[in-house]
>>> print(open('data.cif').read())   # mmCIF, C-alpha atoms
data_final
loop_
_atom_site.group_PDB
_atom_site.id
_atom_site.type_symbol
_atom_site.label_atom_id
_atom_site.label_comp_id
_atom_site.auth_asym_id
_atom_site.auth_seq_id
_atom_site.Cartn_x
_atom_site.Cartn_y
_atom_site.Cartn_z
ATOM 1 C CA VAL B 981 38.630 102.457 28.529
ATOM 2 C CA SER B 982 38.031 106.062 29.632
ATOM 3 C CA ALA B 983 38.906 105.134 33.218
ATOM 4 C CA ALA B 984 42.077 103.372 32.127
ATOM 5 C CA ILE B 985 43.367 106.458 30.317
ATOM 6 C CA VAL B 986 41.919 108.830 32.939
ATOM 7 C CA PHE B 987 39.665 110.534 30.400
ATOM 8 C CA GLU B 988 37.338 112.447 32.742
ATOM 9 C CA ALA B 989 34.945 113.705 30.070
ATOM 10 C CA GLY B 990 34.595 110.216 28.648
ATOM 11 C CA ILE B 991 33.874 108.787 32.093
ATOM 12 C CA LEU B 992 31.184 111.400 32.755
ATOM 13 C CA ALA B 993 29.578 110.689 29.396
ATOM 14 C CA CYS B 994 29.507 106.984 30.216
ATOM 15 C CA LEU B 995 27.993 107.691 33.635
ATOM 16 C CA GLU B 996 25.286 109.847 32.090
ATOM 17 C CA TYR B 997 24.473 107.018 29.715
ATOM 18 C CA LEU B 998 24.381 104.436 32.507
ATOM 19 C CA GLU B 999 22.155 106.655 34.628
ATOM 20 C CA ALA B 1000 19.613 106.976 31.818
ATOM 21 C CA ALA B 1001 19.752 103.513 30.236
ATOM 22 C CA PRO B 1002 17.966 100.395 31.557
ATOM 23 C CA TRP B 1003 20.171 97.610 32.911
ATOM 24 C CA ALA B 1004 19.680 93.883 32.618
ATOM 25 C CA GLU B 1005 19.543 92.253 36.040
ATOM 26 C CA ASP B 1006 22.682 90.230 35.383
ATOM 27 C CA GLU B 1007 24.574 93.452 34.546
ATOM 28 C CA GLU B 1008 23.945 95.177 37.875
ATOM 29 C CA GLU B 1009 26.802 93.612 39.837
ATOM 30 C CA LYS B 1010 29.211 94.202 36.966
ATOM 31 C CA VAL B 1011 28.267 97.894 36.772
ATOM 32 C CA ALA B 1012 28.405 98.342 40.549
ATOM 33 C CA ALA B 1013 31.834 96.692 40.779
ATOM 34 C CA LEU B 1014 33.218 98.849 37.980
ATOM 35 C CA LEU B 1015 31.877 102.118 39.382
ATOM 36 C CA SER B 1016 33.144 101.371 42.879
ATOM 37 C CA GLN B 1017 36.696 101.293 41.488
ATOM 38 C CA LEU B 1018 36.624 104.834 40.101
ATOM 39 C CA GLN B 1019 39.136 107.072 41.846
ATOM 40 C CA LEU B 1020 38.287 110.324 40.075
ATOM 41 C CA ASP B 1021 36.152 113.353 40.829
ATOM 42 C CA SER B 1022 33.464 111.529 38.930
ATOM 43 C CA THR B 1023 32.816 109.270 41.951
ATOM 44 C CA ASN B 1024 29.938 111.539 43.008
ATOM 45 C CA ALA B 1025 28.348 110.965 39.628
ATOM 46 C CA ALA B 1026 28.999 107.253 40.044
ATOM 47 C CA GLY B 1027 27.206 107.390 43.373
ATOM 48 C CA GLU B 1028 24.173 108.886 41.663
ATOM 49 C CA VAL B 1029 24.152 106.010 39.196
ATOM 50 C CA LEU B 1030 24.445 103.436 41.982
ATOM 51 C CA LYS B 1031 21.375 104.811 43.745
ATOM 52 C CA ARG B 1032 19.393 102.695 41.315
ATOM 53 C CA VAL B 1033 20.481 99.535 43.118
ATOM 54 C CA SER B 1034 21.330 100.691 46.653
ATOM 55 C CA LEU B 1035 19.924 102.790 49.477
ATOM 56 C CA GLU B 1036 22.108 105.156 51.466
ATOM 57 C CA THR B 1037 19.766 104.902 54.448
ATOM 58 C CA PRO B 1038 16.870 102.425 54.576
ATOM 59 C CA VAL B 1039 13.529 104.221 54.548
ATOM 60 C CA SER B 1040 11.769 101.326 56.315
ATOM 61 C CA SER B 1041 12.756 98.205 58.176
ATOM 62 C CA GLU B 1042 12.685 94.938 56.252
ATOM 63 C CA ASP B 1043 9.833 93.630 58.380
ATOM 64 C CA GLU B 1044 7.776 96.791 57.818
ATOM 65 C CA ILE B 1045 8.063 96.486 54.048
ATOM 66 C CA VAL B 1046 6.978 92.839 53.974
ATOM 67 C CA VAL B 1047 4.166 93.470 56.470
ATOM 68 C CA ARG B 1048 2.928 96.258 54.224
ATOM 69 C CA LEU B 1049 2.965 93.891 51.248
ATOM 70 C CA LEU B 1050 1.148 91.214 53.250
ATOM 71 C CA ASP B 1051 -1.516 93.665 54.375
ATOM 72 C CA VAL B 1052 -2.154 94.896 50.845
ATOM 73 C CA VAL B 1053 -2.536 91.340 49.557
ATOM 74 C CA LEU B 1054 -4.730 90.256 52.472
ATOM 75 C CA GLN B 1055 -7.042 93.219 51.956
ATOM 76 C CA GLY B 1056 -7.097 93.072 48.153
ATOM 77 C CA LYS B 1057 -10.465 92.729 46.441
ATOM 78 C CA ASP B 1058 -9.579 91.542 42.939
ATOM 79 C CA GLU B 1059 -9.177 87.764 43.138
ATOM 80 C CA LYS B 1060 -7.053 87.381 40.018
ATOM 81 C CA ALA B 1061 -4.650 90.083 41.163
ATOM 82 C CA ARG B 1062 -4.575 88.595 44.665
ATOM 83 C CA ARG B 1063 -3.579 85.190 43.293
ATOM 84 C CA GLU B 1064 -0.775 86.704 41.258
ATOM 85 C CA MET B 1065 0.561 88.854 44.089
ATOM 86 C CA LYS B 1066 0.335 86.032 46.633
ATOM 87 C CA GLY B 1067 2.470 83.947 44.320
ATOM 88 C CA LEU B 1068 4.913 86.811 43.858
ATOM 89 C CA VAL B 1069 5.304 87.576 47.574
ATOM 90 C CA SER B 1070 5.651 83.882 48.448
ATOM 91 C CA LYS B 1071 8.270 83.443 45.743
ATOM 92 C CA MET B 1072 10.282 86.443 46.965
ATOM 93 C CA LEU B 1073 10.182 85.256 50.568
ATOM 94 C CA ARG B 1074 11.335 81.764 49.578
ATOM 95 C CA GLU B 1075 14.129 83.126 47.401
ATOM 96 C CA ASN B 1076 15.276 85.536 50.090
ATOM 97 C CA SER B 1077 15.192 82.828 52.736
ATOM 98 C CA SER B 1078 17.207 80.492 50.520
ATOM 99 C CA HIS B 1079 19.709 83.225 49.605
ATOM 100 C CA SER B 1080 20.093 84.283 53.245
ATOM 101 C CA SER B 1081 20.823 80.747 54.439
ATOM 102 C CA THR B 1082 23.288 80.155 51.593
ATOM 103 C CA ASN B 1083 25.177 83.434 51.953
ATOM 104 C CA ASN B 1084 24.624 83.979 55.676
ATOM 105 C CA THR B 1085 23.092 87.399 55.028
ATOM 106 C CA ASN B 1086 19.858 89.034 56.146
ATOM 107 C CA LEU B 1087 17.633 90.038 53.262
ATOM 108 C CA LEU B 1088 14.083 91.277 53.035
ATOM 109 C CA ASP B 1089 12.147 89.144 55.499
ATOM 110 C CA VAL B 1090 9.193 89.056 57.867
ATOM 111 C CA SER B 1091 9.170 88.058 61.509
ATOM 112 C CA LYS B 1092 7.214 85.203 63.033
ATOM 113 C CA GLU B 1093 5.355 87.723 65.196
ATOM 114 C CA SER B 1094 4.199 89.682 62.145
ATOM 115 C CA LEU B 1095 2.979 86.536 60.406
ATOM 116 C CA TYR B 1096 1.009 85.453 63.454
ATOM 117 C CA ALA B 1097 -0.418 88.950 63.841
ATOM 118 C CA ALA B 1098 -1.723 88.618 60.273
ATOM 119 C CA CYS B 1099 -3.205 85.218 61.162
ATOM 120 C CA SER B 1100 -4.982 86.637 64.198
ATOM 121 C CA SER B 1101 -6.428 89.492 62.171
ATOM 122 C CA CYS B 1102 -7.757 87.138 59.483
ATOM 123 C CA LEU B 1103 -9.123 84.777 62.107
ATOM 124 C CA ASP B 1104 -10.982 87.608 63.847
ATOM 125 C CA LEU B 1105 -12.543 88.674 60.549
ATOM 126 C CA LEU B 1106 -13.479 85.078 59.748
ATOM 127 C CA PHE B 1107 -15.188 84.669 63.113
ATOM 128 C CA CYS B 1108 -16.965 88.014 62.721
ATOM 129 C CA ASN B 1109 -18.402 87.055 59.348
ATOM 130 C CA PHE B 1110 -19.445 83.598 60.514
ATOM 131 C CA THR B 1111 -21.261 85.314 63.364
ATOM 132 C CA LYS B 1112 -23.116 87.504 60.867
ATOM 133 C CA ALA B 1113 -23.917 84.530 58.653
ATOM 134 C CA THR B 1114 -25.442 82.575 61.541
ATOM 135 C CA GLN B 1115 -27.785 85.299 62.707
ATOM 136 C CA VAL B 1116 -31.381 84.127 62.653
ATOM 137 C CA GLY B 1117 -32.809 84.469 59.169
ATOM 138 C CA PHE B 1118 -29.692 86.061 57.681
ATOM 139 C CA MET B 1119 -29.309 83.566 54.854
ATOM 140 C CA ASP B 1120 -33.021 83.749 54.035
ATOM 141 C CA LYS B 1121 -34.081 87.316 54.758
ATOM 142 C CA SER B 1122 -31.022 89.481 54.108
ATOM 143 C CA ASN B 1123 -30.694 91.162 50.741
ATOM 144 C CA HIS B 1124 -28.563 89.501 48.107
ATOM 145 C CA GLU B 1125 -25.734 92.054 48.218
ATOM 146 C CA GLU B 1126 -25.348 91.845 51.982
ATOM 147 C CA ARG B 1127 -25.379 88.053 51.938
ATOM 148 C CA SER B 1128 -22.868 87.938 49.092
ATOM 149 C CA ALA B 1129 -20.548 90.331 50.915
ATOM 150 C CA VAL B 1130 -20.468 88.125 54.012
ATOM 151 C CA VAL B 1131 -20.058 84.904 52.036
ATOM 152 C CA ASN B 1132 -17.264 86.404 49.938
ATOM 153 C CA GLU B 1133 -15.511 87.638 53.051
ATOM 154 C CA ILE B 1134 -15.638 84.161 54.606
ATOM 155 C CA SER B 1135 -14.067 82.744 51.459
ATOM 156 C CA ARG B 1136 -11.446 85.499 51.290
ATOM 157 C CA GLN B 1137 -10.353 85.183 54.912
ATOM 158 C CA ALA B 1138 -10.157 81.393 54.608
ATOM 159 C CA ASP B 1139 -7.973 81.874 51.548
ATOM 160 C CA ASN B 1140 -5.833 84.421 53.404
ATOM 161 C CA LEU B 1141 -5.289 82.021 56.284
ATOM 162 C CA ASN B 1142 -4.351 79.228 53.893
ATOM 163 C CA TRP B 1143 -1.809 81.482 52.227
ATOM 164 C CA VAL B 1144 -0.179 82.600 55.471
ATOM 165 C CA LEU B 1145 -0.214 78.989 56.680
ATOM 166 C CA GLU B 1146 1.805 77.967 53.623
ATOM 167 C CA ILE B 1147 4.388 80.619 54.495
ATOM 168 C CA LEU B 1148 4.526 79.347 58.084
ATOM 169 C CA ILE B 1149 4.977 75.763 56.897
ATOM 170 C CA ASP B 1150 7.744 76.826 54.504
ATOM 171 C CA ARG B 1151 9.533 78.389 57.472
ATOM 172 C CA GLN B 1152 8.814 75.413 59.752
ATOM 173 C CA ILE B 1153 6.995 77.584 62.299
ATOM 174 C CA ALA B 1154 3.403 76.373 61.873
ATOM 175 C CA GLU B 1155 3.063 74.592 65.229
ATOM 176 C CA ASP B 1156 1.510 77.604 66.967
ATOM 177 C CA PHE B 1157 -0.954 78.022 64.109
ATOM 178 C CA THR B 1158 -2.006 74.392 64.538
ATOM 179 C CA LYS B 1159 -2.732 75.059 68.199
ATOM 180 C CA MET B 1160 -4.520 78.299 67.324
ATOM 181 C CA TRP B 1161 -6.749 76.571 64.776
ATOM 182 C CA ALA B 1162 -7.390 73.545 66.974
ATOM 183 C CA SER B 1163 -8.646 75.875 69.716
ATOM 184 C CA GLN B 1164 -11.354 77.477 67.557
ATOM 185 C CA VAL B 1165 -14.191 75.537 69.164
ATOM 186 C CA GLU B 1166 -16.684 78.409 68.908
ATOM 187 C CA LEU B 1167 -15.843 78.971 65.263
ATOM 188 C CA ALA B 1168 -16.383 75.273 64.572
ATOM 189 C CA LYS B 1169 -19.844 75.527 66.135
ATOM 190 C CA LEU B 1170 -20.708 78.493 63.914
ATOM 191 C CA HIS B 1171 -19.255 76.645 60.927
ATOM 192 C CA ALA B 1172 -21.824 73.877 61.367
ATOM 193 C CA MET B 1173 -24.657 76.421 61.154
ATOM 194 C CA VAL B 1174 -23.675 77.816 57.738
ATOM 195 C CA PRO B 1175 -24.631 76.019 54.488
ATOM 196 C CA THR B 1176 -21.798 73.857 53.174
ATOM 197 C CA MET B 1177 -21.524 75.712 49.874
ATOM 198 C CA TYR B 1178 -20.560 78.896 51.739
ATOM 199 C CA ARG B 1179 -18.168 77.413 54.286
ATOM 200 C CA PHE B 1180 -16.294 74.514 52.683
ATOM 201 C CA GLU B 1181 -13.146 76.510 51.923
ATOM 202 C CA VAL B 1182 -12.533 76.855 55.653
ATOM 203 C CA SER B 1183 -11.944 73.102 55.836
ATOM 204 C CA ARG B 1184 -8.957 73.504 53.523
ATOM 205 C CA LEU B 1185 -7.095 74.729 56.602
ATOM 206 C CA THR B 1186 -7.765 71.513 58.480
ATOM 207 C CA ALA B 1187 -6.833 69.473 55.423
ATOM 208 C CA ARG B 1188 -3.556 71.363 54.969
ATOM 209 C CA LEU B 1189 -2.658 70.995 58.631
ATOM 210 C CA CYS B 1190 -3.259 67.247 58.454
ATOM 211 C CA VAL B 1191 -1.115 67.010 55.333
ATOM 212 C CA GLY B 1192 1.611 68.991 57.108
ATOM 213 C CA ILE B 1193 1.447 66.781 60.197
ATOM 214 C CA GLY B 1194 1.345 63.648 58.070
ATOM 215 C CA LYS B 1195 4.452 64.706 56.147
ATOM 216 C CA GLY B 1196 6.354 65.754 59.258
ATOM 217 C CA GLN B 1197 6.279 69.422 58.227
ATOM 218 C CA ILE B 1198 4.395 70.338 61.414
ATOM 219 C CA LEU B 1199 5.546 68.778 64.688
ATOM 220 C CA ALA B 1200 2.599 69.579 66.923
ATOM 221 C CA PRO B 1201 2.308 68.046 70.419
ATOM 222 C CA LYS B 1202 -0.026 65.091 70.905
ATOM 223 C CA GLU B 1203 -2.573 67.185 72.813
ATOM 224 C CA VAL B 1204 -2.775 69.659 69.945
ATOM 225 C CA ARG B 1205 -3.202 66.905 67.348
ATOM 226 C CA ILE B 1206 -6.007 65.364 69.376
ATOM 227 C CA LEU B 1207 -7.698 68.739 69.842
ATOM 228 C CA LEU B 1208 -7.358 69.521 66.137
ATOM 229 C CA LEU B 1209 -9.293 66.400 65.189
ATOM 230 C CA GLN B 1210 -11.797 66.800 68.010
ATOM 231 C CA THR B 1211 -12.614 70.307 66.812
ATOM 232 C CA TRP B 1212 -12.347 70.066 63.033
ATOM 233 C CA LEU B 1213 -12.560 66.442 61.870
ATOM 234 C CA GLU B 1214 -16.364 66.366 61.677
ATOM 235 C CA PRO B 1215 -16.477 69.661 59.735
ATOM 236 C CA LEU B 1216 -13.853 68.240 57.370
ATOM 237 C CA TYR B 1217 -15.994 65.153 56.817
ATOM 238 C CA GLU B 1218 -19.052 67.312 56.175
ATOM 239 C CA ASP B 1219 -17.256 69.615 53.729
ATOM 240 C CA PHE B 1220 -15.141 67.036 51.938
ATOM 241 C CA GLY B 1221 -17.444 66.501 48.969
ATOM 242 C CA TRP B 1222 -17.782 70.209 48.269
ATOM 243 C CA MET B 1223 -14.105 70.811 48.955
ATOM 244 C CA LYS B 1224 -12.802 68.278 46.440
ATOM 245 C CA ARG B 1225 -15.175 69.594 43.776
ATOM 246 C CA GLY B 1226 -14.805 73.291 44.504
ATOM 247 C CA CYS B 1227 -11.090 73.631 45.310
ATOM 248 C CA LYS B 1228 -8.907 72.987 42.280
ATOM 249 C CA SER B 1229 -5.791 73.020 44.438
ATOM 250 C CA ILE B 1230 -7.023 70.109 46.554
ATOM 251 C CA ASP B 1231 -5.586 66.676 45.772
ATOM 252 C CA ARG B 1232 -7.935 64.157 47.337
ATOM 253 C CA ASN B 1233 -5.270 61.472 47.648
ATOM 254 C CA VAL B 1234 -2.861 63.841 49.379
ATOM 255 C CA VAL B 1235 -5.524 64.947 51.860
ATOM 256 C CA GLU B 1236 -6.574 61.369 52.609
ATOM 257 C CA GLU B 1237 -2.967 60.307 53.140
ATOM 258 C CA GLY B 1238 -2.307 63.300 55.395
ATOM 259 C CA LEU B 1239 -5.425 62.642 57.444
ATOM 260 C CA SER B 1240 -4.526 58.953 57.738
ATOM 261 C CA GLN B 1241 -1.020 59.727 58.935
ATOM 262 C CA THR B 1242 -2.289 62.325 61.415
ATOM 263 C CA ILE B 1243 -4.728 59.855 62.957
ATOM 264 C CA LEU B 1244 -2.008 57.209 63.174
ATOM 265 C CA THR B 1245 0.202 59.554 65.243
ATOM 266 C CA LEU B 1246 -2.356 59.411 68.078
ATOM 267 C CA PRO B 1247 -2.545 56.868 70.912
ATOM 268 C CA LEU B 1248 -4.159 53.585 69.877
ATOM 269 C CA SER B 1249 -7.362 54.259 71.816
ATOM 270 C CA GLN B 1250 -7.816 57.567 69.985
ATOM 271 C CA GLN B 1251 -7.153 55.859 66.663
ATOM 272 C CA GLN B 1252 -9.844 53.300 67.432
ATOM 273 C CA ALA B 1253 -12.476 55.888 68.364
ATOM 274 C CA ILE B 1254 -11.845 57.993 65.262
ATOM 275 C CA LEU B 1255 -11.570 55.120 62.802
ATOM 276 C CA MET B 1256 -14.608 53.220 64.042
ATOM 277 C CA ASN B 1257 -16.607 56.426 63.646
ATOM 278 C CA TRP B 1258 -15.147 56.908 60.159
ATOM 279 C CA PHE B 1259 -16.024 53.316 59.186
ATOM 280 C CA ASN B 1260 -19.699 53.946 59.864
ATOM 281 C CA ARG B 1261 -19.689 57.344 58.171
ATOM 282 C CA PHE B 1262 -17.917 56.100 55.061
ATOM 283 C CA LEU B 1263 -20.430 53.288 54.591
ATOM 284 C CA ASN B 1264 -23.231 55.856 54.598
ATOM 285 C CA SER B 1265 -21.529 58.701 52.708
ATOM 286 C CA GLY B 1266 -19.253 56.924 50.260
ATOM 287 C CA ASP B 1267 -17.351 59.255 47.955
ATOM 288 C CA GLU B 1268 -18.461 62.333 49.899
ATOM 289 C CA CYS B 1269 -16.276 61.190 52.803
ATOM 290 C CA PRO B 1270 -12.476 60.910 52.732
ATOM 291 C CA ASN B 1271 -11.314 57.345 52.225
ATOM 292 C CA ILE B 1272 -8.844 56.602 55.011
ATOM 293 C CA GLN B 1273 -9.003 52.848 54.649
ATOM 294 C CA ARG B 1274 -5.225 52.582 54.847
ATOM 295 C CA ALA B 1275 -5.242 54.131 58.320
ATOM 296 C CA PHE B 1276 -7.988 51.716 59.336
ATOM 297 C CA GLU B 1277 -5.903 48.757 58.183
ATOM 298 C CA VAL B 1278 -2.807 49.972 60.031
ATOM 299 C CA TRP B 1279 -4.819 50.522 63.207
ATOM 300 C CA TRP B 1280 -6.332 47.048 62.886
ATOM 301 C CA ARG B 1281 -2.917 45.421 62.597
ATOM 302 C CA ARG B 1282 -1.558 47.471 65.484
ATOM 303 C CA ALA B 1283 -4.539 46.698 67.689
ATOM 304 C CA PHE B 1284 -4.968 42.989 67.014
ATOM 305 C CA TRP B 1285 -2.297 41.272 64.957
ATOM 306 C CA LYS B 1286 0.683 42.751 66.726
ATOM 307 C CA ARG B 1287 -0.953 42.649 70.133
ATOM 308 C CA ASN B 1288 -1.771 38.968 69.733
ATOM 309 C CA GLY B 1289 1.757 38.360 68.507
ATOM 310 C CA GLU B 1290 3.176 40.085 71.562
ATOM 311 C CA THR B 1291 0.941 37.983 73.837
ATOM 312 C CA ASP B 1292 2.197 34.782 72.200
ATOM 313 C CA ARG B 1293 5.797 35.934 72.526
ATOM 314 C CA ARG B 1294 5.322 36.769 76.206
ATOM 315 C CA ARG B 1295 3.757 33.343 76.837
ATOM 316 C CA GLN B 1296 6.628 31.603 75.042
ATOM 317 C CA LEU B 1297 9.156 33.650 77.006
ATOM 318 C CA GLN B 1298 7.474 32.745 80.291
ATOM 319 C CA ILE B 1299 7.520 29.035 79.384
ATOM 320 C CA ALA B 1300 11.183 29.221 78.367
ATOM 321 C CA THR B 1301 12.063 31.044 81.587
ATOM 322 C CA MET B 1302 10.273 28.429 83.689
ATOM 323 C CA ARG B 1303 12.121 25.609 81.916
ATOM 324 C CA VAL B 1304 15.461 27.287 82.492
ATOM 325 C CA TYR B 1305 14.564 27.760 86.144
ATOM 326 C CA GLU B 1306 13.476 24.117 86.500
ATOM 327 C CA ASN B 1307 16.606 22.816 84.792
ATOM 328 C CA GLY B 1308 18.748 25.041 86.910
ATOM 329 C CA GLY B 1309 16.985 23.823 90.013
#
>>> encode(input="data.cif", output="structure tokens")
Amino acid sequence: VSAAIVFEAGILACLEYLEAAPWAEDEEEKVAALLSQLQLDSTNAAGEVLKRVSLETPVSSEDEIVVRLLDVVLQGKDEKARREMKGLVSKMLRENSSHSSTNNTNLLDVSKESLYAACSSCLDLLFCNFTKATQVGFMDKSNHEERSAVVNEISRQADNLNWVLEILIDRQIAEDFTKMWASQVELAKLHAMVPTMYRFEVSRLTARLCVGIGKGQILAPKEVRILLLQTWLEPLYEDFGWMKRGCKSIDRNVVEEGLSQTILTLPLSQQQAILMNWFNRFLNSGDECPNIQRAFEVWWRRAFWKRNGETDRRRQLQIATMRVYENGG
């Protein structure tokens, strides 16, 4: 009203009120649109009000801000706070990504390079702590505080990697992580030397990658899929019992389906080697081993039923061809 009748004092009073009062989020665009239309000397005052929702010059790049947030979360010590902030950062990144694609605008985001740098840092720390944990006598002779610190760090870095992996999968850029994880042969050797109760959370990474591959969320090359299972399938088997009991976020059926689908993407000879090994292990471990019976059944049909059917069809085709040739002759 004050703007309509060009009542300068009234406008200034309104601006002072707006500068001091809290705004509801759905009011911000309305206020900004109204203030941008002012054509009076009060526009400087309007600019001061608008500083609440806009920056004249960015103080940091978008990537720098998100990297800073990632680093703080990855290094956080309070588990409850870490869970909450991981959820918050993931939510903001998803919302920004969705909004950017819908409106064709660039919002607060993080680069692929920054995400993989975070992965490498966490992986280095994980390897370092596994190395400490596998030193001769460490688990028996070290003091309780030192042992707890190493064990907690293994758990924290595994959790960090799982979190960043989820972000990579959301963005459909997890193929390089799959290769990175599949190549951790030395880490897998150290993993086998640490008691299961201290290491099982690491196998969540393998489980999540298999679920991602099985759902088509991760399109890793055949060589990488083979290497992934060569390196981490046995550790996953060994940790499965602890993992399904100790990780509330793990859905056994989802993991088993993902593992089944991953195995079935391999060449038939690889399927046979893996599934025959699983058959023996499952009979001796039972519920402590993932049940991938469905994959076994599919492999069996592929290897024998369909192959025999193809042989019969070829034989029938050869006979039919010979008859045609004879009749034609």
>>> resolve_selection(input="data.cif", expression="the PyMOL selection byres ((chain B and resi 1046) around 10)", output="list of chain:residue names")
B:Ser1041, B:Glu1042, B:Asp1043, B:Glu1044, B:Ile1045, B:Val1047, B:Arg1048, B:Leu1049, B:Leu1050, B:Asp1051, B:Val1052, B:Val1069, B:Leu1073, B:Leu1088, B:Asp1089, B:Val1090, B:Ser1091, B:Ser1094, B:Leu1095
>>> write_last_selection(input="data.cif", atoms="C-alpha atoms", output="tab-separated table (two decimals), in the coordinates of the input")
chain	number	residue	atom	x	y	z
B	1041	SER	CA	12.76	98.20	58.18
B	1042	GLU	CA	12.68	94.94	56.25
B	1043	ASP	CA	9.83	93.63	58.38
B	1044	GLU	CA	7.78	96.79	57.82
B	1045	ILE	CA	8.06	96.49	54.05
B	1047	VAL	CA	4.17	93.47	56.47
B	1048	ARG	CA	2.93	96.26	54.22
B	1049	LEU	CA	2.96	93.89	51.25
B	1050	LEU	CA	1.15	91.21	53.25
B	1051	ASP	CA	-1.52	93.66	54.38
B	1052	VAL	CA	-2.15	94.90	50.84
B	1069	VAL	CA	5.30	87.58	47.57
B	1073	LEU	CA	10.18	85.26	50.57
B	1088	LEU	CA	14.08	91.28	53.04
B	1089	ASP	CA	12.15	89.14	55.50
B	1090	VAL	CA	9.19	89.06	57.87
B	1091	SER	CA	9.17	88.06	61.51
B	1094	SER	CA	4.20	89.68	62.14
B	1095	LEU	CA	2.98	86.54	60.41
>>> residues_around(input="data.cif", residues="Trp1258 in chain B", least_positions_apart="3", cutoff="10 Å", atoms="only C-alpha atoms", output="MDAnalysis selection string")
chainID B and resid 1214 1217 1252:1255 1261:1265 1269:1273 1276
>>> atom_distance(input="data.cif", atom1="CA of Phe1110 in chain B", atom2="CA of Lys1057 in chain B")
19.0 Å
>>> atom_distance(input="data.cif", atom1="CA of Arg1063 in chain B", atom2="CA of Glu1075 in chain B")
18.3 Å
>>> atom_distance(input="data.cif", atom1="CA of Leu1199 in chain B", atom2="CA of Thr1158 in chain B")
9.4 Å
>>> resolve_selection(input="data.cif", expression="the PyMOL selection byres ((chain B and resi 1206) around 12)", output="JSON, numbers by chain")
{"B": [1158, 1159, 1162, 1163, 1190, 1193, 1200, 1201, 1202, 1203, 1204, 1205, 1207, 1208, 1209, 1210, 1211, 1212, 1213, 1242, 1243, 1244, 1245, 1246, 1247, 1248, 1249, 1250, 1251, 1253, 1254]}
>>> write_last_selection(input="data.cif", atoms="C-alpha atoms", output="PDB file, keeping the file's coordinate frame")
ATOM      1  CA  THR B1158      -2.006  74.392  64.538  1.00  0.00           C
ATOM      2  CA  LYS B1159      -2.732  75.059  68.199  1.00  0.00           C
ATOM      3  CA  ALA B1162      -7.390  73.545  66.974  1.00  0.00           C
ATOM      4  CA  SER B1163      -8.646  75.875  69.716  1.00  0.00           C
ATOM      5  CA  CYS B1190      -3.259  67.247  58.454  1.00  0.00           C
ATOM      6  CA  ILE B1193       1.447  66.781  60.197  1.00  0.00           C
ATOM      7  CA  ALA B1200       2.599  69.579  66.923  1.00  0.00           C
ATOM      8  CA  PRO B1201       2.308  68.046  70.419  1.00  0.00           C
ATOM      9  CA  LYS B1202      -0.026  65.091  70.905  1.00  0.00           C
ATOM     10  CA  GLU B1203      -2.573  67.185  72.813  1.00  0.00           C
ATOM     11  CA  VAL B1204      -2.775  69.659  69.945  1.00  0.00           C
ATOM     12  CA  ARG B1205      -3.202  66.905  67.348  1.00  0.00           C
ATOM     13  CA  LEU B1207      -7.698  68.739  69.842  1.00  0.00           C
ATOM     14  CA  LEU B1208      -7.358  69.521  66.137  1.00  0.00           C
ATOM     15  CA  LEU B1209      -9.293  66.400  65.189  1.00  0.00           C
ATOM     16  CA  GLN B1210     -11.797  66.800  68.010  1.00  0.00           C
ATOM     17  CA  THR B1211     -12.614  70.307  66.812  1.00  0.00           C
ATOM     18  CA  TRP B1212     -12.347  70.066  63.033  1.00  0.00           C
ATOM     19  CA  LEU B1213     -12.560  66.442  61.870  1.00  0.00           C
ATOM     20  CA  THR B1242      -2.289  62.325  61.415  1.00  0.00           C
ATOM     21  CA  ILE B1243      -4.728  59.855  62.957  1.00  0.00           C
ATOM     22  CA  LEU B1244      -2.008  57.209  63.174  1.00  0.00           C
ATOM     23  CA  THR B1245       0.202  59.554  65.243  1.00  0.00           C
ATOM     24  CA  LEU B1246      -2.356  59.411  68.078  1.00  0.00           C
ATOM     25  CA  PRO B1247      -2.545  56.868  70.912  1.00  0.00           C
ATOM     26  CA  LEU B1248      -4.159  53.585  69.877  1.00  0.00           C
ATOM     27  CA  SER B1249      -7.362  54.259  71.816  1.00  0.00           C
ATOM     28  CA  GLN B1250      -7.816  57.567  69.985  1.00  0.00           C
ATOM     29  CA  GLN B1251      -7.153  55.859  66.663  1.00  0.00           C
ATOM     30  CA  ALA B1253     -12.476  55.888  68.364  1.00  0.00           C
ATOM     31  CA  ILE B1254     -11.845  57.993  65.262  1.00  0.00           C
TER      32      ILE B1254
END
>>> resolve_selection(input="data.cif", expression="the PyMOL selection byres ((chain B and resi 1237) around 9)", output="list in words")
Cys1190, Val1191, Gly1194, Arg1232, Asn1233, Val1234, Val1235, Glu1236, Gly1238, Leu1239, Ser1240, Gln1241, Thr1242, Asn1271, Ile1272, Arg1274 and Ala1275 of chain B
>>> closest_residue(input="data.cif", among="B:Val1174, B:Ala993, B:Cys1108, B:Ala1061", to="Glu1133 in chain B", atoms="only C-alpha atoms")
B:Cys1108
>>> closest_residue(input="data.cif", among="B:Leu995, B:Ile1147, B:Ala1001, B:Ala1129", to="Gly1067 in chain B", atoms="all atoms listed in the file")
B:Ile1147
>>> closest_residue(input="data.cif", among="B:Val1131, B:Val1144, B:Val1116, B:Ala1138", to="Phe1157 in chain B", atoms="all atoms listed in the file")
B:Val1144
